[in-house]
$ cat structure25.txt   # compact mmCIF, C-alpha atoms
# COMPACT_ATOMS: atom_id res chain seq x y z
CA MET A 1 -58.86 25.96 32.47
CA GLU A 2 -57.22 29.21 33.47
CA ILE A 3 -58.50 31.68 36.08
CA LYS A 4 -57.35 35.27 36.40
CA TRP A 5 -58.34 38.29 38.44
CA LEU A 6 -59.88 40.93 36.21
CA SER A 7 -57.09 43.32 37.13
CA GLN A 8 -54.51 40.86 35.71
CA LEU A 9 -55.89 40.70 32.17
CA GLU A 10 -54.08 42.17 29.17
CA ASN A 11 -55.38 43.00 25.69
CA GLU A 12 -54.05 39.73 24.28
CA ASP A 13 -56.25 37.79 26.72
CA ILE A 14 -59.34 38.67 24.72
CA GLU A 15 -59.21 35.35 22.82
CA GLU A 16 -59.47 33.25 25.98
CA PHE A 17 -61.33 35.58 28.35
CA GLY A 18 -63.51 37.62 26.00
CA ALA A 19 -64.12 41.31 25.41
CA LYS A 20 -66.19 42.10 28.48
CA ALA A 21 -63.56 40.79 30.89
CA VAL A 22 -60.74 42.67 29.16
CA LYS A 23 -62.78 45.87 29.08
CA LEU A 24 -63.46 45.67 32.82
CA SER A 25 -59.75 45.08 33.37
CA LEU A 26 -58.94 48.23 31.40
CA LEU A 27 -61.17 50.26 33.70
CA SER A 28 -59.66 48.72 36.81
CA LYS A 29 -56.12 49.56 35.70
CA ARG A 30 -57.10 53.16 35.01
CA ASN A 31 -58.53 53.60 38.52
CA ILE A 32 -62.13 53.62 37.31
CA PRO A 33 -64.31 52.20 40.11
CA VAL A 34 -65.41 48.68 39.12
CA SER A 35 -66.30 45.69 41.26
CA GLN A 36 -63.50 43.23 41.96
CA GLY A 37 -63.82 39.87 40.29
CA PHE A 38 -62.21 37.00 38.43
CA THR A 39 -62.78 35.30 35.11
CA LEU A 40 -62.70 31.70 33.84
CA SER A 41 -61.19 31.07 30.42
CA SER A 42 -63.28 29.60 27.61
CA ASP A 43 -61.38 26.32 28.05
CA PHE A 44 -63.52 25.67 31.13
CA PHE A 45 -66.69 25.57 29.04
CA ASP A 46 -65.01 23.32 26.44
CA GLU A 47 -63.71 20.93 29.11
CA PHE A 48 -67.11 20.73 30.77
CA LEU A 49 -68.85 19.83 27.50
CA ARG A 50 -66.44 16.99 26.84
CA GLU A 51 -66.11 15.59 30.36
CA SER A 52 -69.87 15.69 31.00
CA LYS A 53 -70.52 14.03 27.61
CA VAL A 54 -72.76 16.96 26.62
CA PHE A 55 -70.64 17.41 23.51
CA ASP A 56 -71.08 13.77 22.46
CA PHE A 57 -74.83 13.98 23.01
CA LEU A 58 -75.07 17.23 21.04
CA ASN A 59 -72.91 15.86 18.23
CA GLN A 60 -75.25 12.88 17.82
CA LYS A 61 -78.43 14.97 17.73
CA ILE A 62 -77.48 18.20 15.97
CA MET A 63 -77.65 16.75 12.44
CA ALA A 64 -81.36 16.01 12.94
CA VAL A 65 -82.25 19.64 13.64
CA SER A 66 -84.29 20.94 10.71
CA SER A 67 -86.90 23.14 12.36
CA GLU A 68 -87.55 25.36 15.37
CA LYS A 69 -89.49 22.50 16.94
CA ASP A 70 -86.44 20.22 16.64
CA ALA A 71 -84.23 22.95 18.12
CA SER A 72 -86.60 23.50 21.06
CA LYS A 73 -86.68 19.79 21.88
CA LEU A 74 -82.90 19.41 21.65
CA SER A 75 -82.44 22.56 23.75
CA LYS A 76 -84.65 21.11 26.49
CA ASP A 77 -82.82 17.76 26.40
CA ILE A 78 -79.37 19.34 26.58
CA ARG A 79 -80.37 21.66 29.41
CA THR A 80 -81.66 18.68 31.39
CA PHE A 81 -78.41 16.82 30.64
CA ILE A 82 -76.34 19.76 31.89
CA GLN A 83 -78.35 20.20 35.10
CA MET A 84 -77.66 16.54 35.93
CA SER A 85 -73.91 16.96 35.37
CA ALA A 86 -71.13 17.88 37.80
CA PHE A 87 -67.78 19.63 37.67
CA PRO A 88 -64.41 17.98 38.35
CA GLU A 89 -63.45 18.49 41.99
CA GLU A 90 -60.09 20.01 41.10
CA SER A 91 -61.61 22.68 38.83
CA LEU A 92 -64.36 23.50 41.30
CA SER A 93 -61.89 23.82 44.17
CA LYS A 94 -59.80 26.28 42.16
CA ILE A 95 -62.86 28.39 41.32
CA LEU A 96 -64.01 28.45 44.94
CA GLY A 97 -60.53 29.50 46.06
CA PHE A 98 -60.83 32.65 43.95
CA TYR A 99 -64.44 33.20 45.03
CA HIS A 100 -63.63 33.09 48.75
CA ALA A 101 -60.74 35.51 48.27
CA ILE A 102 -62.65 38.24 46.40
CA ASP A 103 -63.17 40.42 49.47
CA VAL A 104 -59.53 40.56 50.53
CA THR A 105 -58.16 40.77 47.00
CA ALA A 106 -60.31 43.83 46.40
CA ASN A 107 -58.20 45.67 48.98
CA PRO A 108 -54.57 45.84 47.81
CA LYS A 109 -53.48 46.97 51.28
CA ASN A 110 -54.30 43.58 52.78
CA SER A 111 -51.19 41.62 53.65
CA THR A 112 -50.58 38.00 52.65
CA ALA A 113 -51.46 36.97 56.22
CA ASP A 114 -54.76 38.87 55.98
CA LYS A 115 -55.60 37.07 52.76
CA LEU A 116 -54.93 33.69 54.30
CA LEU A 117 -56.97 34.46 57.41
CA ASN A 118 -59.90 35.95 55.52
CA SER A 119 -59.99 33.78 52.40
CA LYS A 120 -63.19 31.97 53.42
CA SER A 121 -65.66 34.80 53.05
CA ASN A 122 -68.88 34.21 51.16
CA PRO A 123 -69.58 37.45 49.29
CA LEU A 124 -72.57 38.04 47.06
CA VAL A 125 -71.46 37.83 43.44
CA VAL A 126 -72.91 38.12 39.96
CA LEU A 127 -72.05 35.79 37.07
CA ARG A 128 -71.73 37.18 33.54
CA LEU A 129 -70.71 35.82 30.19
CA SER A 130 -67.73 37.18 28.25
CA SER A 131 -67.10 36.55 24.57
CA ARG A 132 -64.79 37.69 21.81
CA PRO A 133 -65.86 40.80 19.85
CA GLU A 134 -66.44 38.88 16.63
CA ASP A 135 -68.60 36.19 18.25
CA ARG A 136 -72.29 36.83 18.41
CA HIS A 137 -75.10 34.46 19.18
CA VAL A 138 -75.73 33.69 22.82
CA ASP A 139 -78.19 35.77 24.82
CA PHE A 140 -77.26 35.51 28.46
CA PRO A 141 -78.80 37.43 31.38
CA ALA A 142 -76.57 37.94 34.40
CA ILE A 143 -77.14 35.59 37.32
CA ARG A 144 -77.20 37.68 40.48
CA ASN A 145 -77.08 37.17 44.24
CA ILE A 146 -74.89 34.06 44.23
CA LYS A 147 -73.52 33.19 47.67
CA GLY A 148 -71.52 30.17 48.84
CA GLY A 149 -69.98 27.14 47.14
CA LYS A 150 -73.23 25.32 46.39
CA GLU A 151 -74.72 28.37 44.70
CA ILE A 152 -71.52 28.86 42.67
CA GLN A 153 -71.92 25.32 41.27
CA ALA A 154 -75.62 25.82 40.60
CA ALA A 155 -74.97 29.15 38.85
CA LEU A 156 -72.33 27.59 36.58
CA LEU A 157 -74.74 24.82 35.56
CA GLU A 158 -77.52 27.35 35.05
CA ALA A 159 -75.25 29.49 32.87
CA PHE A 160 -74.13 26.58 30.71
CA SER A 161 -77.66 25.26 30.31
CA PHE A 162 -78.97 28.71 29.43
CA ILE A 163 -76.39 28.98 26.65
CA PHE A 164 -78.13 26.21 24.73
CA SER A 165 -81.27 28.11 23.85
CA PRO A 166 -83.27 27.02 20.78
CA GLN A 167 -81.79 29.95 18.84
CA THR A 168 -78.25 28.89 19.75
CA ILE A 169 -79.04 25.30 18.73
CA ILE A 170 -80.15 26.58 15.31
CA GLU A 171 -76.94 28.58 14.98
CA ILE A 172 -74.84 25.56 15.93
CA SER A 173 -76.68 23.38 13.42
CA LYS A 174 -75.90 25.89 10.66
CA SER A 175 -72.28 26.68 11.55
CA ARG A 176 -71.31 23.27 13.03
CA SER A 177 -69.38 25.13 15.70
CA LEU A 178 -69.95 25.81 19.38
CA PRO A 179 -69.93 29.23 21.01
CA ARG A 180 -66.73 30.13 22.82
CA ILE A 181 -67.67 31.11 26.35
CA ALA A 182 -65.69 32.71 29.17
CA LEU A 183 -67.30 33.61 32.50
CA ILE A 184 -66.92 36.50 34.93
CA PHE A 185 -67.67 36.50 38.66
CA GLN A 186 -67.87 39.97 40.25
CA GLN A 187 -68.93 41.29 43.62
CA MET A 188 -72.55 42.43 43.59
CA VAL A 189 -73.15 46.17 43.76
CA ASN A 190 -75.88 46.92 46.30
CA SER A 191 -77.35 49.72 44.21
CA LYS A 192 -79.06 52.61 45.94
CA LYS A 193 -79.28 54.51 42.66
CA SER A 194 -78.39 53.40 39.16
CA GLY A 195 -78.70 54.20 35.49
CA PHE A 196 -76.87 54.87 32.26
CA CYS A 197 -74.71 57.57 30.77
CA HIS A 198 -74.27 58.44 27.09
CA PHE A 199 -71.19 60.29 25.87
CA LYS A 200 -70.85 61.64 22.36
CA LYS A 201 -68.06 64.01 21.44
CA GLY A 202 -69.25 67.56 21.00
CA LYS A 203 -72.62 66.84 22.59
CA PRO A 204 -73.89 67.29 26.15
CA ILE A 205 -73.38 64.29 28.43
CA GLU A 206 -76.72 62.51 28.91
CA ILE A 207 -77.41 60.82 32.24
CA PHE A 208 -80.44 58.61 32.97
CA SER A 209 -81.11 57.56 36.55
CA THR A 210 -83.56 55.98 39.00
CA PHE A 211 -83.74 54.75 42.57
CA GLY A 212 -82.42 51.26 43.33
CA LEU A 213 -81.46 48.87 40.54
CA VAL A 214 -82.00 49.57 36.85
CA ASP A 215 -84.60 46.79 36.74
CA SER A 216 -87.42 49.33 36.97
CA ILE A 217 -86.10 51.05 33.82
CA LYS A 218 -85.53 47.81 31.95
CA LYS A 219 -89.03 46.58 32.70
CA GLY A 220 -90.56 49.83 31.55
CA GLU A 221 -92.10 50.49 34.96
CA VAL A 222 -90.54 53.93 35.40
CA TYR A 223 -89.21 56.65 33.16
CA PRO A 224 -85.73 57.54 34.34
CA ASP A 225 -84.80 61.03 35.41
CA MET A 226 -82.87 62.63 32.56
CA PHE A 227 -80.05 65.14 32.84
CA LYS A 228 -77.95 66.90 30.23
CA VAL A 229 -74.59 68.24 31.36
CA ASP A 230 -72.19 70.38 29.35
CA SER A 231 -69.20 68.19 28.44
CA GLU A 232 -66.75 71.10 28.63
CA ASN A 233 -67.55 72.12 32.19
CA PHE A 234 -69.90 70.93 34.89
CA LYS A 235 -73.02 72.86 33.99
CA ILE A 236 -76.46 71.23 34.09
CA LEU A 237 -78.17 72.25 30.86
CA SER A 238 -81.50 70.51 31.47
CA ARG A 239 -83.15 68.12 33.89
CA GLN A 240 -86.39 66.17 33.69
CA ILE A 241 -87.58 64.51 36.89
CA HIS A 242 -90.17 61.78 36.40
CA LYS A 243 -92.47 60.09 38.87
CA LYS A 244 -90.84 56.89 40.14
CA GLU A 245 -93.38 54.79 42.01
CA ILE A 246 -91.44 51.51 41.95
CA ALA A 247 -87.84 50.67 42.82
CA TYR A 248 -85.90 47.42 43.07
CA TYR A 249 -83.39 46.77 45.83
CA ASN A 250 -81.15 43.90 46.79
CA ASP A 251 -82.41 42.17 49.95
CA LEU A 252 -79.16 41.15 51.65
CA PHE A 253 -80.95 38.93 54.16
CA GLN A 254 -82.84 36.85 51.61
CA ASN A 255 -80.30 37.26 48.79
CA LYS A 256 -82.88 38.30 46.24
CA ILE A 257 -84.11 41.35 44.36
CA LYS A 258 -87.22 42.89 45.92
CA GLU A 259 -89.71 45.30 44.39
CA VAL A 260 -90.45 48.23 46.69
CA SER A 261 -93.15 50.89 46.41
CA VAL A 262 -91.62 54.35 46.68
CA ALA A 263 -93.26 56.58 49.29
CA GLU A 264 -95.66 59.06 47.69
CA ASP A 265 -93.70 62.03 49.01
CA ASP A 266 -90.52 60.72 47.38
CA THR A 267 -91.79 59.64 43.95
CA LYS A 268 -91.00 62.97 42.30
CA ASP A 269 -87.69 63.55 44.07
CA PRO A 270 -84.57 63.71 41.87
CA SER A 271 -82.75 60.39 41.95
CA LEU A 272 -79.35 62.11 41.82
CA THR A 273 -77.83 64.86 43.94
CA HIS A 274 -75.70 67.66 42.55
CA ASN A 275 -72.53 65.96 43.84
CA GLU A 276 -73.51 62.59 42.30
CA LEU A 277 -74.08 64.24 38.94
CA ASN A 278 -70.67 65.81 39.25
CA GLU A 279 -69.10 62.39 39.93
CA LEU A 280 -70.73 60.94 36.82
CA TYR A 281 -69.59 63.94 34.80
CA GLU A 282 -66.00 63.44 35.97
CA ILE A 283 -66.08 59.70 35.21
CA ALA A 284 -67.57 60.29 31.75
CA ASN A 285 -64.81 62.73 30.87
CA LYS A 286 -62.15 60.41 32.26
CA LEU A 287 -63.53 57.54 30.14
CA SER A 288 -63.56 59.78 27.07
CA ILE A 289 -59.80 60.31 27.49
CA ILE A 290 -59.21 56.58 27.94
CA LEU A 291 -61.51 55.31 25.17
CA LYS A 292 -61.12 58.18 22.68
CA THR A 293 -64.52 57.47 21.13
CA ASP A 294 -68.24 57.72 21.79
CA PHE A 295 -69.54 55.29 24.42
CA ASP A 296 -72.33 54.39 26.84
CA PHE A 297 -71.88 53.03 30.33
CA GLU A 298 -74.02 51.60 33.09
CA TRP A 299 -73.35 52.83 36.62
CA ALA A 300 -74.60 52.42 40.18
CA PHE A 301 -74.12 54.15 43.53
CA ASP A 302 -73.85 51.91 46.58
CA THR A 303 -72.96 52.78 50.16
CA LYS A 304 -69.28 53.03 49.18
CA GLY A 305 -69.81 55.32 46.19
CA LEU A 306 -69.92 55.10 42.41
CA LYS A 307 -69.32 51.84 40.51
CA ILE A 308 -69.16 51.32 36.76
CA ILE A 309 -71.00 48.13 35.81
CA ASN A 310 -70.20 48.00 32.13
CA TYR A 311 -69.45 50.15 29.10
CA GLU A 312 -69.85 49.79 25.35
CA VAL A 313 -68.34 51.58 22.39
CA LYS A 314 -69.68 51.41 18.85
CA HIS A 315 -66.55 49.71 17.50
CA MET A 316 -67.07 46.65 19.70
CA ALA A 317 -69.36 43.80 18.73
CA GLU A 318 -71.01 43.38 22.14
CA LYS A 319 -74.14 45.39 21.48
CA ASP A 320 -77.44 45.59 23.26
CA VAL A 321 -80.63 47.60 23.06
CA PHE A 322 -79.03 50.60 24.74
CA ASP A 323 -76.37 50.67 22.01
CA VAL A 324 -78.96 50.41 19.27
CA ILE A 325 -80.69 53.56 20.49
CA PHE A 326 -77.65 55.73 19.93
CA GLU A 327 -75.66 53.73 17.42
CA GLU A 328 -74.47 55.22 14.15
CA ASP A 329 -73.23 53.15 11.23
CA ASP A 330 -69.49 52.51 11.31
CA GLY A 331 -67.51 53.89 8.41
CA GLN A 332 -70.00 56.64 7.63
CA GLU A 333 -69.46 60.31 8.25
CA THR A 334 -71.79 61.54 10.97
CA HIS A 335 -73.51 64.90 10.98
CA GLU A 336 -74.20 66.96 14.04
CA GLU A 337 -77.92 66.91 14.75
CA GLU A 338 -79.94 69.69 16.27
CA GLU A 339 -80.99 69.25 19.86
CA THR A 340 -84.54 67.89 20.09
CA ASN A 341 -87.03 69.74 22.30
CA GLN A 342 -87.95 68.72 25.82
CA GLU A 343 -91.26 67.17 24.82
CA GLN A 344 -89.58 64.91 22.31
CA THR A 345 -86.96 63.83 24.82
CA ASN A 346 -89.70 62.95 27.31
CA GLN A 347 -91.04 60.28 24.98
CA GLY A 348 -87.72 58.62 24.68
CA THR A 349 -85.40 56.95 26.88
CA ASN A 350 -86.72 54.02 28.83
CA GLU A 351 -83.33 52.43 28.44
CA GLY A 352 -82.16 49.01 27.63
CA GLY A 353 -78.47 48.98 28.79
CA ASN A 354 -75.75 46.33 29.47
CA THR A 355 -77.50 45.98 32.83
CA GLU A 356 -76.93 44.25 36.05
CA GLY A 357 -80.04 42.17 35.55
CA ARG A 358 -79.74 41.51 31.87
CA GLU A 359 -76.48 40.93 30.08
CA VAL A 360 -76.75 40.19 26.43
CA GLN A 361 -73.78 38.83 24.58
CA SER A 362 -73.15 36.43 21.73
CA ASN A 363 -70.46 33.98 20.85
CA SER A 364 -69.40 31.65 18.07
CA GLU A 365 -66.12 29.82 17.70
CA ASN A 366 -64.77 26.81 15.84
CA ASN A 367 -61.79 25.98 18.02
CA THR A 368 -63.47 23.48 20.30
CA GLY A 369 -62.92 20.28 18.36
CA GLN A 370 -66.46 19.76 17.14
CA PRO A 371 -67.45 19.13 13.49
CA GLN A 372 -67.09 22.33 11.48
CA PRO A 373 -68.72 22.32 8.07
CA SER A 374 -68.85 25.55 6.20
CA SER A 375 -70.44 28.44 8.04
CA PRO A 376 -73.67 29.95 6.73
CA GLU A 377 -73.41 33.00 4.56
CA GLY A 378 -73.61 36.20 6.57
CA SER A 379 -76.51 38.42 5.83
CA GLN A 380 -75.70 41.79 4.35
CA GLU A 381 -77.73 44.90 4.82
CA GLN A 382 -78.63 46.68 1.65
CA GLU A 383 -79.38 50.36 1.49
CA PRO A 384 -82.79 51.09 0.05
CA GLU A 385 -82.77 52.71 -3.36
CA LYS A 386 -83.51 56.38 -3.25
CA ASN A 387 -86.47 57.56 -5.29
CA GLU A 388 -86.50 61.31 -5.61
CA GLU A 389 -90.07 61.30 -6.96
CA SER A 390 -91.55 59.40 -3.99
CA SER A 391 -93.02 61.33 -1.09
CA LEU A 392 -93.00 60.06 2.49
CA ASP A 393 -96.23 60.21 4.46
CA VAL A 394 -94.87 60.89 7.92
CA ASP A 395 -98.23 60.30 9.61
CA ASN A 396 -98.64 56.87 8.01
CA ILE A 397 -95.09 55.92 8.93
CA GLY A 398 -95.75 57.01 12.50
CA ALA A 399 -98.90 54.88 12.64
CA ALA A 400 -96.96 51.89 11.30
CA PHE A 401 -94.37 52.37 14.02
CA ASP A 402 -97.11 52.35 16.66
CA LYS A 403 -98.40 49.00 15.40
CA ILE A 404 -94.89 47.57 15.48
CA ARG A 405 -94.42 48.85 19.03
CA GLU A 406 -97.54 47.09 20.25
CA LYS A 407 -96.57 43.88 18.49
CA TYR A 408 -93.08 43.65 19.91
CA ALA A 409 -94.06 44.93 23.35
CA LYS A 410 -96.02 41.69 23.75
CA ILE A 411 -92.76 39.80 23.22
CA ASN A 412 -90.52 42.08 25.24
CA PRO A 413 -92.01 45.03 27.20
CA ASN A 414 -88.57 46.69 27.25
CA LEU A 415 -88.90 47.40 23.53
CA LYS A 416 -92.02 49.54 23.76
CA ASP A 417 -90.38 52.73 24.95
CA ILE A 418 -87.16 52.03 23.09
CA LEU A 419 -89.05 51.83 19.80
CA ALA A 420 -90.81 55.05 20.74
CA LEU A 421 -87.44 56.79 20.90
CA TYR A 422 -86.40 55.21 17.60
CA LYS A 423 -89.68 56.31 16.03
CA GLU A 424 -89.18 59.93 17.08
CA ASP A 425 -85.61 59.95 15.73
CA VAL A 426 -86.73 58.54 12.38
CA LEU A 427 -89.70 60.90 12.01
CA ASP A 428 -87.60 63.88 13.02
CA GLU A 429 -85.03 62.91 10.40
CA LEU A 430 -87.76 62.62 7.75
CA ARG A 431 -89.20 66.01 8.66
CA ARG A 432 -85.76 67.55 8.14
CA GLY A 433 -85.59 65.98 4.71
CA GLY A 434 -83.31 63.05 5.62
CA SER A 435 -80.24 65.26 5.81
$ encode --input "structure25.txt" --output "structure tokens"
Amino acid sequence: MEIKWLSQLENEDIEEFGAKAVKLSLLSKRNIPVSQGFTLSSDFFDEFLRESKVFDFLNQKIMAVSSEKDASKLSKDIRTFIQMSAFPEESLSKILGFYHAIDVTANPKNSTADKLLNSKSNPLVVLRLSSRPEDRHVDFPAIRNIKGGKEIQAALLEAFSFIFSPQTIIEISKSRSLPRIALIFQQMVNSKKSGFCHFKKGKPIEIFSTFGLVDSIKKGEVYPDMFKVDSENFKILSRQIHKKEIAYYNDLFQNKIKEVSVAEDDTKDPSLTHNELNELYEIANKLSIILKTDFDFEWAFDTKGLKIINYEVKHMAEKDVFDVIFEEDDGQETHEEEETNQEQTNQGTNEGGNTEGREVQSNSENNTGQPQPSSPEGSQEQEPEKNEESSLDVDNIGAAFDKIREKYAKINPNLKDILALYKEDVLDELRRGGS
């Protein structure tokens, strides 16, 4: 197992530490405000599976998986096995050494003596998964508000057990390979305001925001405030302020996320000030110079200022719902679209984002020593054949979308408003003749 501070990672570390960790390191080195943290190499996950005998147990049972019911049962058994396991004392001690030193390492001005004297702090941290860009099949929400050595151990076991979902078991049974997992610990951002930003070259910068954590957006409980800012100079082109009756904040005394009712007088207040919008504008333009492509990023303001939680670009494989909203097919020439009207925008964006509360990544690797029969054939998307004689009934298509929205909203409420945005984009494209 290898542990590195995020600021120490290089591009070549992506194999062992994953894309998310390397991306955060890139921001840190370019003086973009991100939370200090450290990352555990994928070897740690591999070593745990072998030393805890989880790998042996899985290897014995995986061949018998032939249905979702089998996968669900094996998932439950493995998760129980993991929760009853423990980490080697040497590895755990090394991890805790980095954890206790996060506070002082975050300040480069601290002397060596300061670091020694203050290396027993117990900061609140969040645990995230990091994978290689080409790996893709583990859904993993971030584990937040971790504090102290016992909670670090519990979070690691929770993360490893969560990895073995029924869907992942099915993938393993098909590919005969285990996901390759690296982990990131970062200081928690005590968000006072948070949201997402979308940057597309030649288009206005789009900023979505709310009070507190982005949980209220993710859960579909509030529509975010929406701002469009000219990308060439700081000029606010449009702003839509929505009623925000609920907000989520981090309770530092109880170390948990609390839902708070927003005072009636404040529900329609803008969630961002003029200066905060300007900061996001400056960061978006700075990222555009660094990344040289279109991107989305999640951000938060705490008492110390702006922090970037995560960013995604369309060329990377770590995608989530927020990416899907704006994504365009790689390798295809894109056409500039006309700006949609305010009413259409209002129906849209109840984000999904690479959020503090929900990190979705996926991993697959065959370097861990397990049996590796041939991988399943990858599915290929086929473009529908164009029929010039057929006519599209936009109203019927819209009604079909509404049925789909209701169906999938029962599975995941986040999708309801996201599909609404997708519906409007599709129908608008059809009305323009598909050009």
$ residues_around --input "structure25.txt" --residues "Ser231 of chain A" --least-positions-apart "5" --cutoff "9 Å" --atoms "only C-alpha atoms" --output "VMD selection string"
chain A and resid 199 201 to 205 281 284 to 285
$ write_last_selection --input "structure25.txt" --atoms "C-alpha atoms" --output "short mmCIF file (atom, residue, chain, number, x, y, z; two decimals), keeping the file's coordinate frame"
data_model
loop_
_atom_site.label_atom_id
_atom_site.label_comp_id
_atom_site.auth_asym_id
_atom_site.auth_seq_id
_atom_site.Cartn_x
_atom_site.Cartn_y
_atom_site.Cartn_z
CA PHE A 199 -71.19 60.29 25.87
CA LYS A 201 -68.06 64.01 21.44
CA GLY A 202 -69.25 67.56 21.00
CA LYS A 203 -72.62 66.84 22.59
CA PRO A 204 -73.89 67.29 26.15
CA ILE A 205 -73.38 64.29 28.43
CA TYR A 281 -69.59 63.94 34.80
CA ALA A 284 -67.57 60.29 31.75
CA ASN A 285 -64.81 62.73 30.87
#
$ residues_around --input "structure25.txt" --residues "Lys29 of chain A" --least-positions-apart "3" --cutoff "7 Å" --atoms "only C-alpha atoms" --output "list in words"
Ser7, Ser25 and Leu26 of chain A
$ closest_residue --input "structure25.txt" --among "A:Ala71, A:Ile217, A:Met188, A:Ile152" --to "Ser165 of chain A" --atoms "all atoms listed in the file"
A:Ala71
$ atom_distance --input "structure25.txt" --atom1 "atom CA of Asn122 of chain A" --atom2 "atom CA of Ala86 of chain A"
21.2 Å
$ closest_residue --input "structure25.txt" --among "A:Lys61, A:His274, A:Lys286, A:Lys258" --to "Phe227 of chain A" --atoms "all atoms listed in the file"
A:His274
$ atom_distance --input "structure25.txt" --atom1 "atom CA of Asp103 of chain A" --atom2 "atom CA of Ser121 of chain A"
7.1 Å
$ residues_around --input "structure25.txt" --residues "segment 236-250 of chain A" --least-positions-apart "5" --cutoff "9 Å" --atoms "only C-alpha atoms" --output "ChimeraX atom specification"
/A:145,189-192,204,210-216,221-230,255-264,266-271,277,342,346
$ atom_distance --input "structure25.txt" --atom1 "atom CA of Phe295 of chain A" --atom2 "atom CA of Ile207 of chain A"
12.4 Å
$ axis_aligned_box --input "structure25.txt" --around "segment 301-311 of chain A" --padding-each-side "3 Å" --output "JSON"
{"center_x": -71.6, "center_y": 51.7, "center_z": 39.6, "size_x": 11.0, "size_y": 13.3, "size_z": 27.1}
$ closest_residue --input "structure25.txt" --among "A:Phe162, A:Glu2, A:Ser28, A:Ile169" --to "Glu16 of chain A" --atoms "all atoms listed in the file"
A:Glu2
$ closest_residue --input "structure25.txt" --among "A:Ser42, A:Asn310, A:Ser161, A:Ser52" --to "Gly18 of chain A" --atoms "all atoms listed in the file"
A:Ser42
$ closest_residue --input "structure25.txt" --among "A:Lys73, A:Lys200, A:Lys147, A:His100" --to "Leu252 of chain A" --atoms "only C-alpha atoms"
A:Lys147
$ residues_around --input "structure25.txt" --residues "Lys150 of chain A" --least-positions-apart "5" --cutoff "12 Å" --atoms "only C-alpha atoms" --output "list in words"
Ala86, Phe87, Leu92, Ser93, Ile95, Leu96, Tyr99, Asn122, Ala155, Leu156 and Leu157 of chain A
$ residues_around --input "structure25.txt" --residues "Phe48 of chain A" --least-positions-apart "4" --cutoff "10 Å" --atoms "all atoms listed in the file" --output "ChimeraX atom specification"
/A:1,43-44,52-55,82,85-88,91,157,160
$ write_last_selection --input "structure25.txt" --atoms "C-alpha atoms" --output "short mmCIF file (atom, residue, chain, number, x, y, z; two decimals), in the frame of the given file"
data_model
loop_
_atom_site.label_atom_id
_atom_site.label_comp_id
_atom_site.auth_asym_id
_atom_site.auth_seq_id
_atom_site.Cartn_x
_atom_site.Cartn_y
_atom_site.Cartn_z
CA MET A 1 -58.86 25.96 32.47
CA ASP A 43 -61.38 26.32 28.05
CA PHE A 44 -63.52 25.67 31.13
CA SER A 52 -69.87 15.69 31.00
CA LYS A 53 -70.52 14.03 27.61
CA VAL A 54 -72.76 16.96 26.62
CA PHE A 55 -70.64 17.41 23.51
CA ILE A 82 -76.34 19.76 31.89
CA SER A 85 -73.91 16.96 35.37
CA ALA A 86 -71.13 17.88 37.80
CA PHE A 87 -67.78 19.63 37.67
CA PRO A 88 -64.41 17.98 38.35
CA SER A 91 -61.61 22.68 38.83
CA LEU A 157 -74.74 24.82 35.56
CA PHE A 160 -74.13 26.58 30.71
#
$ closest_residue --input "structure25.txt" --among "A:Leu280, A:Leu74, A:Val34, A:Ala142" --to "Lys307 of chain A" --atoms "only C-alpha atoms"
A:Val34
